Amino acid sequence: MSYTCHVISHTHWDREWYLTYERFRLRLVDLIDRLLDLMEADADFRYFNLDGQGIILEDYLKIRPENEERLRSLISQGRITIGPWYVLNDEFLVSGESTVRSLLLGHKVVGCFGQVMKVGYLPDQFGNISQMPQILRNFGIDNCIFGRGLQLAGERKMEFIWQSPDGSEALSSLMALWYNNAQHIPASPQAALEMVDGLVKAMGPVSESGHLLLMNGVDHLEAQYDLSRALKALENSPHRVIHSRLPDYVEALRGDLKDGRLETIRGELREDRRGSVLAGVLSSRIYLKQANERCMRLLEKYVEPASLWARCAKMKYPQGELEYAWKLLMENHPHDSICGCSTDEVHSEMMPRFDRVEQLAGELRDRALSHIANRVNVDGLALVVFNTLTWARTDVVTATVDVPLGEPDRANPAQDPGLDWPALEIISPSGESVPYTLLSSQKVARPEIHPEKLPMVQWVRRFEVQFIAREVPPMGFSAYSVRRAERPPQAPSTVASECRGCFGLSGGLLDVAVSDIADGGLQLSLTGNEEVLLTHLSAFEDSGDVGDEYNYRKPDRDQIVTSAAALRQTQVNFTGPSSGELQMRYVLDLPESATPDQRERSQRTADCPITLTARVYDNVPRVEFEATIQNNAKDHRLRAIFPSEAEGATHSVAGSAFDVVERPLHLPEDWTGAATFHPMDGWVDVSNGEQGLAVFVDGLREYELYDDHNRTLAITILRSVGILSGTGDIPHVQRAPDAQCLGEQHARYAVYPHNGDWKQAKVWKEALNYQTPMIAVQVGDIDRARSIEPVEKKLPLEMSFVHIVPDTLCPSALKKEENGNAAVVRFWNVLEERVEGEVMVRCGKKAWRSNMLEERLEELPVNEGRIAVSAGPREIVTLIVEP
């Protein structure tokens with residue numbers, strides 16, 4: 001059989017990896033400089049794929065702005081292909097919304113230069129999320145070319161139909177011989193013919209098509225400058241060898257495979273035979289994942305919704321600021337960056353980017369929320385509590401109340417004892433006194449910043465309090481008045497008990513107790529349901545790890561250390577009407593490292609103290625934990641373990657990007673060398689149908705379900721290795737000592753015991769409640785608003801901006817559209833069945849179904865701000881709503 005071989009000249013550009021960003025950028029400048037000269041001088045060098053990411057254009061043009069028109073000309077002619085992404089982000093370590101924004105920004109950036117390559121190009125992502133076909137379809141892309149996550153076994157072919165849980169499909173092609181199978185084509189006719197013949201013999205039997213993909217390039221390589229001569233040498237080949245583009249190859253496949261003979265593969269592509277998806281990156285340098293989670297949450301769940309609400313109150317929407325923040329964050333999203341598998345210098349440069357995003361996003365959030373809060377019709381001091389999720393919430397709020405003790409001044413601010421408050425009272429919107437837990441009360445000198453005055457200082461009495469805000473409106477707020485009191489309101493305290501060597505707390509729905517000092521496990525019971533009784537919750541388990549940043553590898557002779565008998569101290573930090581805090585101090589005696597031959601753990605040990613804080617809240621159905629680890633050991637993996645008591649459970653269920661993924665207890669037998677742990681986005685649950693346990697996480701991404709009687713969930717909270725890649729005994733091994741993550745490390749998570757399965761317990765909803773705390777903004781003291789114009793207080797004490805029902809329609813985005821003034825509302829159906837629902841948008845007058853490119857499709861009727869919607873199984877829905 002004669003084949004058509006599509007030679008794709010390309011580079012795959014890792015912006016940072018074994019070299020830093022700036023070092024690689026100089027190589028990028030060299031590459032594009034020479035590429036422009038080559039393509040302008042050699043008309044037979046027809047095409048070049050400049051990877052799939054538009055950020056490369058920005059990186060290059062910051063150094064070579066004078067070459068913009070040359071680059072634009074070749075892109076507009078279709079000779080240089082680029083896009084559709086802004087960055088080639090990892091898919092399992094960023095939110096689904098971040099993946100959408102990469103495509104949205106990629107189209108915007110590349111579209112300014114000419115044609116956006118409409119190919120779902122995923123050359124080296126470490127596995128692919130289940131909803132990728134649906135996301136690509138939303139950008140007008142019906143195909144995918146990828147490198148990892150599927151392996152040829154049995155009768156499987158390279159080409160197949162990839163289907164998302166909603167039924168969206170993409171014609172897909174696996175680069176089975178990698179994206180460098182034709183890395184350099186020899187100029188010698190005989191050698192070139194032999195090379196092509198060898199590729200055809202290898203690829204032909206695993207292809208359903210007469211068209212084969214020959215990838216001419218690889219990581220960071222420049223164009224093959226003698227390719228035109230090499231291709232001429234192949235004119236005598238029995239196969240048709242052409243210089244081509246990825247879109248042309250896709251079109252050829254589509255024409256060749258019209259008879260429906262392709263296999264359909266549904267869901268995520270994460271086959272890990274022989275460790276091919278490099279699963280260890282889920283927990284390498286966890287501090288990066290945690291910083292990324294903070295930034296994504298700020299932008300998606302706070303800044304964008306709050307800025308859109310504030311725009312309704314005549315505040316300018318910060319479009320440019322948000323694009324800048326998103327672009328800066330996305331610089332940390334490529335797989336070599338967020339996966340934590342680069343050099344120490346690379347990852348040390350990532351943290352300032354995260355810091356800058358947090359600073360910018362925090363300021364934008366505060367401006368937007370203050371703009372709204374200062375327009376609420378309240379007298380005196382008040383706390384305006386904001387809920388940025390699309391359902392009404394009853395949950396804990398941690399708030400700061402500053403009572404001014406005098407006027408601000410540049411040098412000597414006044415302190416008037418007569419203005420001091422001994423205590424305060426919080427009044428709900430309905431006029432009821434609200435119980436609260438007082439965390440602290442102290443005098444503080446706070447800075448005062450004003451647009452027309454130099455910074456000043458003001459003395460205040462600062463109260464830190466926690467209270468339960470009840471039924472705060474969906475994507476809205478409730479205003480709580482604050483007034484002076486001689487003493488805190490009397491209310492029953494969250495119970496702290498010490499009996500028979502026990503320490504514990506009761507939070508109304510949940511009781512938590514340390515039942516045995518020698519054992520160190522936690523006992524958790526669900527009030528009113530004697531059957532849900534969990535023990536040994538949030539114990540710790542440590543094992544050896546002699547792998548690298550890419551893959552976990554246990555020593556041949558491992559030694560497991562647990563927290564049994566490691567508990568040294570337990571105390572109740574505080575209790576009050578709304579909350580209580582219990583603290584436990586462990587000291588794990590861990591092997592200090594692996595032995596030099598990497599075969600076992602050292603006999604020498606190092607103490608690793610862990611302080612575990614447990615928090616319960618009145619009638620909130622979760623227990624929150626925060627672990628502070630002083631890591632003094634190397635070459636190990638530390639996990640928090642949670643026996644679920646879900647005896648007989650056959651699978652775990654975990655959050656993923658726009659999906660809920662069910663994974664069996666046991667891997668397929670032919671997955672030799674595969675990791676036994678899995679990715680999660682926000683939560684994981686195990687249930688036997690009668691009772692279950694969910695674990696919510698904050699920036700932790702790796703879990704494993706043990707095949708034991710208790711069906712234990714293990715959450716990786718620290719992974720310490722010292723090598724970028726390699727086994728440690730080969731000459732080219734690259735050391736990465738900072739990946740040992742020595743010193744103080746942190747982990748936050750929560751447990752949610754429940755009856756029934758994850759759907760009945762609404763686990764996705766409770767996870768978002770934990771991960772998206774409500775925020776209280778103080779108003780009513782000496783004007784701290786940044787505006788110098790008078791403020792009209794016309795907003796009511798309670799208000800909702802957006803409400804989506806039912807709660808199985810899970811929010812993803814609320815923002816202003818890119819090229820207009822309407823609101824974009826995005827949500828997805830968590831169920832595998834169609835859901836009829838309603839979206840209520842305050843002041844919404846006109847609405848359309850839209851794709852993710854924000855192109856308006858079908859106009860929808862709007863009745864007093866109410867929009868009827870229908871969402872198919874696991875469908876992602878985007879609406880555009882005009883006021």
# chains A, B, ... in the order shown; residues from 1 in each chain; ligands from 1
>>> residues_around(residues="His754 of chain A", least_positions_apart="5", cutoff="10 Å", atoms="only C-alpha atoms", output="compact mmCIF listing (two decimals) with C-alpha atoms, in the first residue's frame")
# COMPACT_ATOMS: atom_id res chain seq x y z
CA LEU A 526 -22.14 12.59 62.50
CA ASN A 529 -26.66 9.29 62.79
CA VAL A 532 -21.47 7.23 60.58
CA PRO A 621 -21.11 19.44 57.90
CA ARG A 622 -17.32 19.26 57.58
CA ASP A 685 -15.15 10.52 47.50
CA SER A 687 -18.92 5.29 49.11
CA GLU A 690 -25.03 3.49 52.05
CA GLN A 691 -22.35 5.70 53.57
CA GLY A 692 -19.28 7.45 52.31
CA LEU A 693 -16.50 9.88 53.01
CA ALA A 694 -15.40 12.85 50.91
CA GLN A 760 -27.11 12.24 47.21
CA ALA A 761 -24.62 14.01 49.48
CA LYS A 762 -24.01 16.83 46.94
CA VAL A 763 -20.29 16.44 47.44
>>> closest_atom_pairs(of="segment 343-418 of chain A", to="segment 308-314 of chain A", cutoff="8 Å", atoms="only C-alpha atoms", output="tab-separated table")
residue	atom	partner	partner_atom	distance
A:Ala368	CA	A:Ala310	CA	5.5
A:Leu369	CA	A:Ala310	CA	7.2
A:His371	CA	A:Ala310	CA	6.3
A:Ile372	CA	A:Ala310	CA	5.7
>>> residues_around(residues="Val869 of chain A", least_positions_apart="4", cutoff="12 Å", atoms="only C-alpha atoms", output="ChimeraX atom specification")
/A:804-806,809,825-829,834-840,847-849,858-862,875-879
>>> atom_distance(atom1="atom CA of Ile141 of chain A", atom2="atom CA of Arg701 of chain A")
28.7 Å
>>> select_by_dssp(residues="segment 719-864 of chain A", states="helix (DSSP H, G or I)", output="PyMOL selection string")
chain A and resi 737-740+763-771
>>> atom_distance(atom1="atom CA of Gly580 of chain A", atom2="atom CA of Gln466 of chain A")
9.8 Å
>>> atom_distance(atom1="atom CA of Trp85 of chain A", atom2="atom CA of Leu104 of chain A")
7.7 Å
>>> residues_around(residues="Leu213 of chain A", least_positions_apart="6", cutoff="7 Å", atoms="only C-alpha atoms", output="PyMOL selection string")
chain A and resi 5-7
>>> write_last_selection(atoms="all heavy atoms", output="short mmCIF file (atom, residue, chain, number, x, y, z; two decimals), in the first residue's frame")
data_model
loop_
_atom_site.label_atom_id
_atom_site.label_comp_id
_atom_site.auth_asym_id
_atom_site.auth_seq_id
_atom_site.Cartn_x
_atom_site.Cartn_y
_atom_site.Cartn_z
N CYS A 5 2.71 10.71 3.14
CA CYS A 5 3.43 11.05 4.37
C CYS A 5 3.47 12.57 4.51
O CYS A 5 4.08 13.26 3.67
CB CYS A 5 4.84 10.48 4.34
SG CYS A 5 4.88 8.67 4.21
N HIS A 6 2.84 13.08 5.55
CA HIS A 6 2.79 14.52 5.80
C HIS A 6 3.96 14.91 6.70
O HIS A 6 3.98 14.60 7.90
CB HIS A 6 1.47 14.89 6.47
CG HIS A 6 0.27 14.66 5.63
ND1 HIS A 6 -0.43 15.68 5.02
CD2 HIS A 6 -0.37 13.50 5.28
CE1 HIS A 6 -1.44 15.18 4.35
NE2 HIS A 6 -1.44 13.86 4.48
N VAL A 7 4.94 15.57 6.13
CA VAL A 7 6.10 16.03 6.90
C VAL A 7 5.75 17.37 7.52
O VAL A 7 5.47 18.35 6.82
CB VAL A 7 7.34 16.15 6.00
CG1 VAL A 7 8.52 16.72 6.80
CG2 VAL A 7 7.70 14.78 5.40
#
>>> select_by_dssp(residues="segment 226-312 of chain A", states="strand (DSSP E or B)", output="count of residues only")
8
>>> closest_residue(among="A:Gln131, A:Ser9, A:Thr575, A:Thr712", to="Glu97 of chain A", atoms="only C-alpha atoms")
A:Gln131
>>> residues_around(residues="Glu744 of chain A", least_positions_apart="2", cutoff="9 Å", atoms="only C-alpha atoms", output="list in words")
Thr628, Ile629, Gln630, Asn631, Asn632, Cys741, Leu742 and His746 of chain A
>>> write_last_selection(atoms="N, CA and C atoms", output="JSON list (two decimals), in the first residue's frame")
[["chain", "number", "residue", "atom", "x", "y", "z"],
["A", 628, "THR", "N", 0.85, 21.61, 59.50],
["A", 628, "THR", "CA", 2.13, 22.30, 59.34],
["A", 628, "THR", "C", 3.22, 21.27, 59.60],
["A", 629, "ILE", "N", 4.02, 21.02, 58.57],
["A", 629, "ILE", "CA", 5.03, 19.96, 58.62],
["A", 629, "ILE", "C", 6.41, 20.60, 58.62],
["A", 630, "GLN", "N", 7.22, 20.23, 59.57],
["A", 630, "GLN", "CA", 8.64, 20.63, 59.54],
["A", 630, "GLN", "C", 9.40, 19.47, 58.93],
["A", 631, "ASN", "N", 9.65, 19.57, 57.62],
["A", 631, "ASN", "CA", 10.26, 18.45, 56.91],
["A", 631, "ASN", "C", 11.77, 18.48, 57.05],
["A", 632, "ASN", "N", 12.29, 17.52, 57.80],
["A", 632, "ASN", "CA", 13.73, 17.41, 58.02],
["A", 632, "ASN", "C", 14.31, 16.16, 57.37],
["A", 741, "CYS", "N", 11.92, 19.76, 49.25],
["A", 741, "CYS", "CA", 10.93, 20.53, 50.02],
["A", 741, "CYS", "C", 11.22, 20.47, 51.52],
["A", 742, "LEU", "N", 12.47, 20.73, 51.87],
["A", 742, "LEU", "CA", 12.84, 20.76, 53.28],
["A", 742, "LEU", "C", 12.30, 22.01, 53.95],
["A", 746, "HIS", "N", 3.01, 23.17, 54.29],
["A", 746, "HIS", "CA", 1.63, 23.28, 54.78],
["A", 746, "HIS", "C", 0.69, 22.48, 53.90]]
